[in-house]
Amino acid sequence: MDKEYIIFQEDGLFGAKDQRGKIIIQPQYMEMQPFSCGLSLVRNHQYQYAYIDINNKQIIPFGKYSWCDPQFTCGFSRVMEYHYLEEKNKWGIIDILGDIVVPLKYDKIWAIKEEFLFSLKAFLGDKEERINLHLLSNKVIFDGLAYICTYSVEAFKELVHCEKLYVKAQPKTRQLYFTYGANIGFVLLKGIPQEPVISIVANSNGKIFPLLMEKSDIGKTTLFPAKVAPKKTFSRAASHKTSFWDYESEKMNDADNWEDQRLDAFEGDESNYWNIE
C-alpha cells in the first residue's frame, strides 16, 4: 500500500499523489519521505519533524522528537529526544501508533533491520545492551489491516481441529481475545455478533493473526479493540466446577447460548467470557 503513493515537489514544497496522478496531500512540507508502514516523515518550516498518515493526520506530532528515522521498519522507528539537563540526545523506539516501545534512555541504538529485531544493539554510555523487540512489542495494532482470507466460525473450527472457541477477557485491560486450542486470536466485537466470521489478517507492522469480527466489518483497514466491563456474575456452567467428573462430562464448559457463558476470573490469568458454539 505504501508504494501506491508518490512523493512530488512543487514550488519547493512536497506533497503526495496516487499512481493515477491525483493529489492526496497538497504540497506543504519542506521535506517528505516515502510512506512506510502507512506513515511518512515530514518536516515543517520550523525544522520540526512529524509522522503523518495518508489523510495528512499527524500521528506523531511536530516537535515531539528532535530526530526520527526516515522510515519505519516492520512497524518500528528510532526517535531521539533532547535532554537539556544532560545536554545530549536520548534514543528510543516507537511503534506506528506513536507508543514508546523502548524507553528514551539510550545514548545510541543501531539502525533497525529486519534480521536484528530479536537482538538490536543499544548503548548506555560504553555499556552494550541487546533489545528484543519481539518481547517488548506485545500490543497488537489493528491498523493497516490487509485481509488474507475469511472463514465462517464453523469452517475455522474445522480448519484448526477444534470443536469450540472461547472468547475471553484479559482481567486487567478487559480486552477481548479468543482461544482455539492452545492458540489465541483477537476479537473486535462489541457484543453478541450478528454474523461472526474469522478473518486472517496482517497489520501494518507485519503481524499475521486471526480476527473474530462482524461480517459487515470485513475490509476495514482500521478497527478498534473491544473491551468489556468487569463482571462479577457466574453462569450456571461455572457454578458447578467442583468435581473431576463434572470436568470429564464437559458440564463446566457447556452453555446453551452466548448470554449464559459470561464468567469471571477465578484464580487464573484469564476469564472465560463467551463460548462460540
# chains A, B, ... in the order shown; residues from 1 in each chain; ligands from 1
$ select_by_dssp --residues "range 47-165 of chain A" --states "alpha helix (DSSP H)" --output "JSON, numbers by chain"
{"A": [133, 134, 135, 136, 153, 154, 155, 156, 157, 158, 159, 160]}
$ closest_atom_pairs --of "range 142-177 of chain A" --to "range 96-119 of chain A" --cutoff "12 Å" --atoms "only C-alpha atoms" --output "Markdown table"
| residue | atom | partner | partner_atom | distance |
| --- | --- | --- | --- | --- |
| A:Phe142 | CA | A:Leu97 | CA | 10.0 |
| A:Asp143 | CA | A:Leu97 | CA | 8.8 |
| A:Gly144 | CA | A:Ile96 | CA | 10.0 |
$ residues_around --residues "Lys220 in chain A" --least-positions-apart "4" --cutoff "12 Å" --atoms "only C-alpha atoms" --output "number ranges by chain"
A: 142-147, 188, 199, 201, 203, 213-216, 224
$ closest_residue --among "A:Asn56, A:Trp67, A:Leu120, A:Phe8" --to "Asn89 in chain A" --atoms "only C-alpha atoms"
A:Trp67
$ closest_residue --among "A:Ser77, A:His134, A:Phe178, A:Gly38" --to "Thr222 in chain A" --atoms "only C-alpha atoms"
A:Gly38
$ residues_around --residues "range 207-209 of chain A" --least-positions-apart "5" --cutoff "8 Å" --atoms "only C-alpha atoms" --output "JSON, numbers by chain"
{"A": [185, 186, 200, 201, 202]}
$ closest_atom_pairs --of "range 183-222 of chain A" --to "range 156-167 of chain A" --cutoff "10 Å" --atoms "only C-alpha atoms" --output "CSV"
residue,atom,partner,partner_atom,distance
A:Asn183,CA,A:Val160,CA,9.8
A:Ile184,CA,A:Tyr166,CA,9.5
A:Gly185,CA,A:Val167,CA,9.2
A:Phe186,CA,A:Val167,CA,8.8
A:Val187,CA,A:Val167,CA,7.8
A:Val197,CA,A:Phe156,CA,8.6
A:Ile198,CA,A:Phe156,CA,7.0
A:Ser199,CA,A:Phe156,CA,9.2
A:Pro210,CA,A:Phe156,CA,9.6
A:Leu212,CA,A:Val167,CA,9.3
$ write_last_selection --atoms "all heavy atoms" --output "PDB file, in the first residue's frame"
ATOM      1  N   ASN A 183      -3.949 -21.904  21.182  1.00  0.00           N
ATOM      2  CA  ASN A 183      -3.591 -20.700  20.433  1.00  0.00           C
ATOM      3  C   ASN A 183      -4.582 -19.584  20.733  1.00  0.00           C
ATOM      4  O   ASN A 183      -5.670 -19.815  21.242  1.00  0.00           O
ATOM      5  CB  ASN A 183      -3.591 -21.006  18.931  1.00  0.00           C
ATOM      6  CG  ASN A 183      -2.698 -22.173  18.582  1.00  0.00           C
ATOM      7  OD1 ASN A 183      -1.502 -22.133  18.788  1.00  0.00           O
ATOM      8  ND2 ASN A 183      -3.295 -23.240  18.060  1.00  0.00           N
ATOM      9  N   ILE A 184      -4.204 -18.348  20.376  1.00  0.00           N
ATOM     10  CA  ILE A 184      -5.103 -17.226  20.597  1.00  0.00           C
ATOM     11  C   ILE A 184      -5.295 -16.429  19.315  1.00  0.00           C
ATOM     12  O   ILE A 184      -4.422 -16.388  18.441  1.00  0.00           O
ATOM     13  CB  ILE A 184      -4.608 -16.285  21.718  1.00  0.00           C
ATOM     14  CG1 ILE A 184      -3.336 -15.548  21.299  1.00  0.00           C
ATOM     15  CG2 ILE A 184      -4.405 -17.022  23.012  1.00  0.00           C
ATOM     16  CD1 ILE A 184      -2.973 -14.409  22.212  1.00  0.00           C
ATOM     17  N   GLY A 185      -6.466 -15.831  19.202  1.00  0.00           N
ATOM     18  CA  GLY A 185      -6.769 -14.857  18.163  1.00  0.00           C
ATOM     19  C   GLY A 185      -7.309 -13.621  18.856  1.00  0.00           C
ATOM     20  O   GLY A 185      -7.408 -13.572  20.081  1.00  0.00           O
ATOM     21  N   PHE A 186      -7.717 -12.645  18.080  1.00  0.00           N
ATOM     22  CA  PHE A 186      -8.176 -11.390  18.665  1.00  0.00           C
ATOM     23  C   PHE A 186      -9.614 -11.108  18.273  1.00  0.00           C
ATOM     24  O   PHE A 186     -10.132 -11.660  17.307  1.00  0.00           O
ATOM     25  CB  PHE A 186      -7.232 -10.259  18.266  1.00  0.00           C
ATOM     26  CG  PHE A 186      -5.842 -10.478  18.777  1.00  0.00           C
ATOM     27  CD1 PHE A 186      -4.895 -11.114  17.999  1.00  0.00           C
ATOM     28  CD2 PHE A 186      -5.494 -10.098  20.062  1.00  0.00           C
ATOM     29  CE1 PHE A 186      -3.619 -11.359  18.484  1.00  0.00           C
ATOM     30  CE2 PHE A 186      -4.229 -10.331  20.556  1.00  0.00           C
ATOM     31  CZ  PHE A 186      -3.285 -10.964  19.764  1.00  0.00           C
ATOM     32  N   VAL A 187     -10.259 -10.265  19.060  1.00  0.00           N
ATOM     33  CA  VAL A 187     -11.698 -10.046  18.940  1.00  0.00           C
ATOM     34  C   VAL A 187     -11.981  -8.563  18.743  1.00  0.00           C
ATOM     35  O   VAL A 187     -11.481  -7.727  19.489  1.00  0.00           O
ATOM     36  CB  VAL A 187     -12.443 -10.551  20.198  1.00  0.00           C
ATOM     37  CG1 VAL A 187     -13.931 -10.239  20.099  1.00  0.00           C
ATOM     38  CG2 VAL A 187     -12.221 -12.049  20.371  1.00  0.00           C
ATOM     39  N   VAL A 197     -17.539 -13.868  11.796  1.00  0.00           N
ATOM     40  CA  VAL A 197     -16.601 -14.524  10.897  1.00  0.00           C
ATOM     41  C   VAL A 197     -15.213 -14.387  11.498  1.00  0.00           C
ATOM     42  O   VAL A 197     -14.992 -13.581  12.406  1.00  0.00           O
ATOM     43  CB  VAL A 197     -16.616 -13.913   9.477  1.00  0.00           C
ATOM     44  CG1 VAL A 197     -17.968 -14.132   8.807  1.00  0.00           C
ATOM     45  CG2 VAL A 197     -16.261 -12.438   9.520  1.00  0.00           C
ATOM     46  N   ILE A 198     -14.289 -15.165  10.992  1.00  0.00           N
ATOM     47  CA  ILE A 198     -12.895 -15.073  11.427  1.00  0.00           C
ATOM     48  C   ILE A 198     -12.041 -14.818  10.199  1.00  0.00           C
ATOM     49  O   ILE A 198     -11.988 -15.630   9.281  1.00  0.00           O
ATOM     50  CB  ILE A 198     -12.449 -16.339  12.169  1.00  0.00           C
ATOM     51  CG1 ILE A 198     -13.257 -16.490  13.464  1.00  0.00           C
ATOM     52  CG2 ILE A 198     -10.950 -16.296  12.464  1.00  0.00           C
ATOM     53  CD1 ILE A 198     -12.998 -17.764  14.214  1.00  0.00           C
ATOM     54  N   SER A 199     -11.385 -13.663  10.185  1.00  0.00           N
ATOM     55  CA  SER A 199     -10.503 -13.290   9.083  1.00  0.00           C
ATOM     56  C   SER A 199      -9.053 -13.458   9.504  1.00  0.00           C
ATOM     57  O   SER A 199      -8.693 -13.144  10.641  1.00  0.00           O
ATOM     58  CB  SER A 199     -10.745 -11.834   8.666  1.00  0.00           C
ATOM     59  OG  SER A 199     -12.021 -11.666   8.091  1.00  0.00           O
ATOM     60  N   PRO A 210      -5.475 -14.352  13.446  1.00  0.00           N
ATOM     61  CA  PRO A 210      -6.912 -14.485  13.199  1.00  0.00           C
ATOM     62  C   PRO A 210      -7.688 -13.443  13.993  1.00  0.00           C
ATOM     63  O   PRO A 210      -7.333 -13.108  15.125  1.00  0.00           O
ATOM     64  CB  PRO A 210      -7.231 -15.902  13.678  1.00  0.00           C
ATOM     65  CG  PRO A 210      -6.195 -16.208  14.695  1.00  0.00           C
ATOM     66  CD  PRO A 210      -4.961 -15.429  14.312  1.00  0.00           C
ATOM     67  N   LEU A 212     -11.623 -12.347  15.085  1.00  0.00           N
ATOM     68  CA  LEU A 212     -13.057 -12.595  15.174  1.00  0.00           C
ATOM     69  C   LEU A 212     -13.781 -11.266  15.047  1.00  0.00           C
ATOM     70  O   LEU A 212     -13.554 -10.349  15.835  1.00  0.00           O
ATOM     71  CB  LEU A 212     -13.397 -13.274  16.503  1.00  0.00           C
ATOM     72  CG  LEU A 212     -14.873 -13.508  16.806  1.00  0.00           C
ATOM     73  CD1 LEU A 212     -15.513 -14.426  15.781  1.00  0.00           C
ATOM     74  CD2 LEU A 212     -15.038 -14.080  18.215  1.00  0.00           C
TER      75      LEU A 212
END
$ atom_distance --atom1 "CA of Arg43 in chain A" --atom2 "CA of Pro61 in chain A"
10.6 Å
$ residues_around --residues "range 19-26 of chain A" --least-positions-apart "4" --cutoff "10 Å" --atoms "only C-alpha atoms" --output "list in words"
Lys3, Glu4, Tyr5, Ile6, Ile7, Phe8, Gln9, Glu10, Leu13, Phe14, Gly15, Asp53, Ile54, Asn55 and Asn56 of chain A
$ closest_residue --among "A:Leu135, A:Ala155, A:Ile59, A:Ala122" --to "Leu41 in chain A" --atoms "only C-alpha atoms"
A:Ile59
$ select_by_dssp --residues "range 17-70 of chain A" --states "strand (DSSP E)" --output "JSON, numbers by chain"
{"A": [17, 18, 23, 24, 25, 26, 27, 28, 29, 31, 32, 40, 41, 42, 43, 49, 50, 51, 52, 58, 59, 60, 67, 68]}
$ write_last_selection --atoms "N, CA, C and O atoms" --output "tab-separated table (two decimals), in the first residue's frame"
chain	number	residue	atom	x	y	z
A	17	LYS	N	0.96	12.11	-4.30
A	17	LYS	CA	-0.03	11.74	-5.30
A	17	LYS	C	-0.24	10.23	-5.27
A	17	LYS	O	0.61	9.48	-4.79
A	18	ASP	N	-1.38	9.80	-5.82
A	18	ASP	CA	-1.56	8.37	-6.03
A	18	ASP	C	-1.00	8.01	-7.41
A	18	ASP	O	-0.50	8.86	-8.15
A	23	ILE	N	-3.76	14.25	-6.56
A	23	ILE	CA	-3.07	14.77	-5.39
A	23	ILE	C	-3.81	14.33	-4.13
A	23	ILE	O	-4.99	14.63	-3.95
A	24	ILE	N	-3.12	13.62	-3.27
A	24	ILE	CA	-3.68	13.13	-2.00
A	24	ILE	C	-3.35	14.11	-0.87
A	24	ILE	O	-4.18	14.40	-0.02
A	25	ILE	N	-2.12	14.61	-0.88
A	25	ILE	CA	-1.68	15.60	0.11
A	25	ILE	C	-1.08	16.77	-0.65
A	25	ILE	O	-0.12	16.60	-1.41
A	26	GLN	N	-1.65	17.94	-0.48
A	26	GLN	CA	-1.17	19.13	-1.17
A	26	GLN	C	0.27	19.45	-0.76
A	26	GLN	O	0.66	19.23	0.40
A	27	PRO	N	1.08	19.98	-1.68
A	27	PRO	CA	2.46	20.35	-1.33
A	27	PRO	C	2.47	21.38	-0.21
A	27	PRO	O	1.86	22.44	-0.33
A	28	GLN	N	3.14	21.04	0.89
A	28	GLN	CA	3.15	21.94	2.04
A	28	GLN	C	4.34	21.71	2.97
A	28	GLN	O	4.52	22.46	3.93
A	29	TYR	N	5.16	20.69	2.68
A	29	TYR	CA	6.23	20.32	3.59
A	29	TYR	C	7.60	20.62	2.98
A	29	TYR	O	7.80	20.49	1.77
A	31	GLU	N	10.19	18.88	3.65
A	31	GLU	CA	10.77	17.56	3.40
A	31	GLU	C	9.68	16.52	3.60
A	31	GLU	O	8.84	16.67	4.48
A	32	MET	N	9.68	15.49	2.78
A	32	MET	CA	8.68	14.43	2.91
A	32	MET	C	9.28	13.12	2.43
A	32	MET	O	9.75	13.03	1.28
A	40	SER	N	4.43	8.71	6.76
A	40	SER	CA	5.51	9.43	6.09
A	40	SER	C	6.11	10.43	7.07
A	40	SER	O	5.39	11.14	7.78
A	41	LEU	N	7.44	10.50	7.08
A	41	LEU	CA	8.13	11.50	7.90
A	41	LEU	C	8.17	12.81	7.12
A	41	LEU	O	8.62	12.85	5.98
A	42	VAL	N	7.71	13.90	7.76
A	42	VAL	CA	7.70	15.21	7.11
A	42	VAL	C	8.39	16.23	8.02
A	42	VAL	O	8.50	16.03	9.23
A	43	ARG	N	8.83	17.34	7.39
A	43	ARG	CA	9.48	18.43	8.14
A	43	ARG	C	8.81	19.74	7.78
A	43	ARG	O	8.52	20.00	6.59
A	49	TYR	N	10.01	17.74	13.00
A	49	TYR	CA	9.61	16.51	12.30
A	49	TYR	C	8.30	15.97	12.87
A	49	TYR	O	7.99	16.13	14.05
A	50	ALA	N	7.55	15.30	11.98
A	50	ALA	CA	6.32	14.62	12.37
A	50	ALA	C	6.11	13.43	11.44
A	50	ALA	O	6.65	13.40	10.32
A	51	TYR	N	5.34	12.45	11.91
A	51	TYR	CA	4.87	11.37	11.05
A	51	TYR	C	3.40	11.61	10.75
A	51	TYR	O	2.60	11.83	11.67
A	52	ILE	N	3.05	11.57	9.46
A	52	ILE	CA	1.66	11.74	9.07
A	52	ILE	C	1.16	10.48	8.36
A	52	ILE	O	1.96	9.71	7.81
A	58	GLN	N	-1.47	14.03	11.70
A	58	GLN	CA	-0.22	13.85	12.44
A	58	GLN	C	-0.40	12.73	13.47
A	58	GLN	O	-1.12	12.89	14.45
A	59	ILE	N	0.26	11.62	13.23
A	59	ILE	CA	0.23	10.51	14.18
A	59	ILE	C	1.26	10.75	15.28
A	59	ILE	O	0.99	10.52	16.46
A	60	ILE	N	2.43	11.20	14.91
A	60	ILE	CA	3.44	11.67	15.86
A	60	ILE	C	3.61	13.16	15.54
A	60	ILE	O	4.09	13.51	14.46
A	67	TRP	N	14.66	14.15	16.42
A	67	TRP	CA	15.05	13.41	15.22
A	67	TRP	C	14.24	12.12	15.17
A	67	TRP	O	13.88	11.56	16.22
A	68	CYS	N	13.95	11.66	13.93
A	68	CYS	CA	13.20	10.40	13.74
A	68	CYS	C	13.81	9.65	12.56
A	68	CYS	O	14.35	10.26	11.62
$ closest_residue --among "A:Asn132, A:Pro225, A:Lys190, A:Lys90" --to "Gln175 in chain A" --atoms "only C-alpha atoms"
A:Pro225
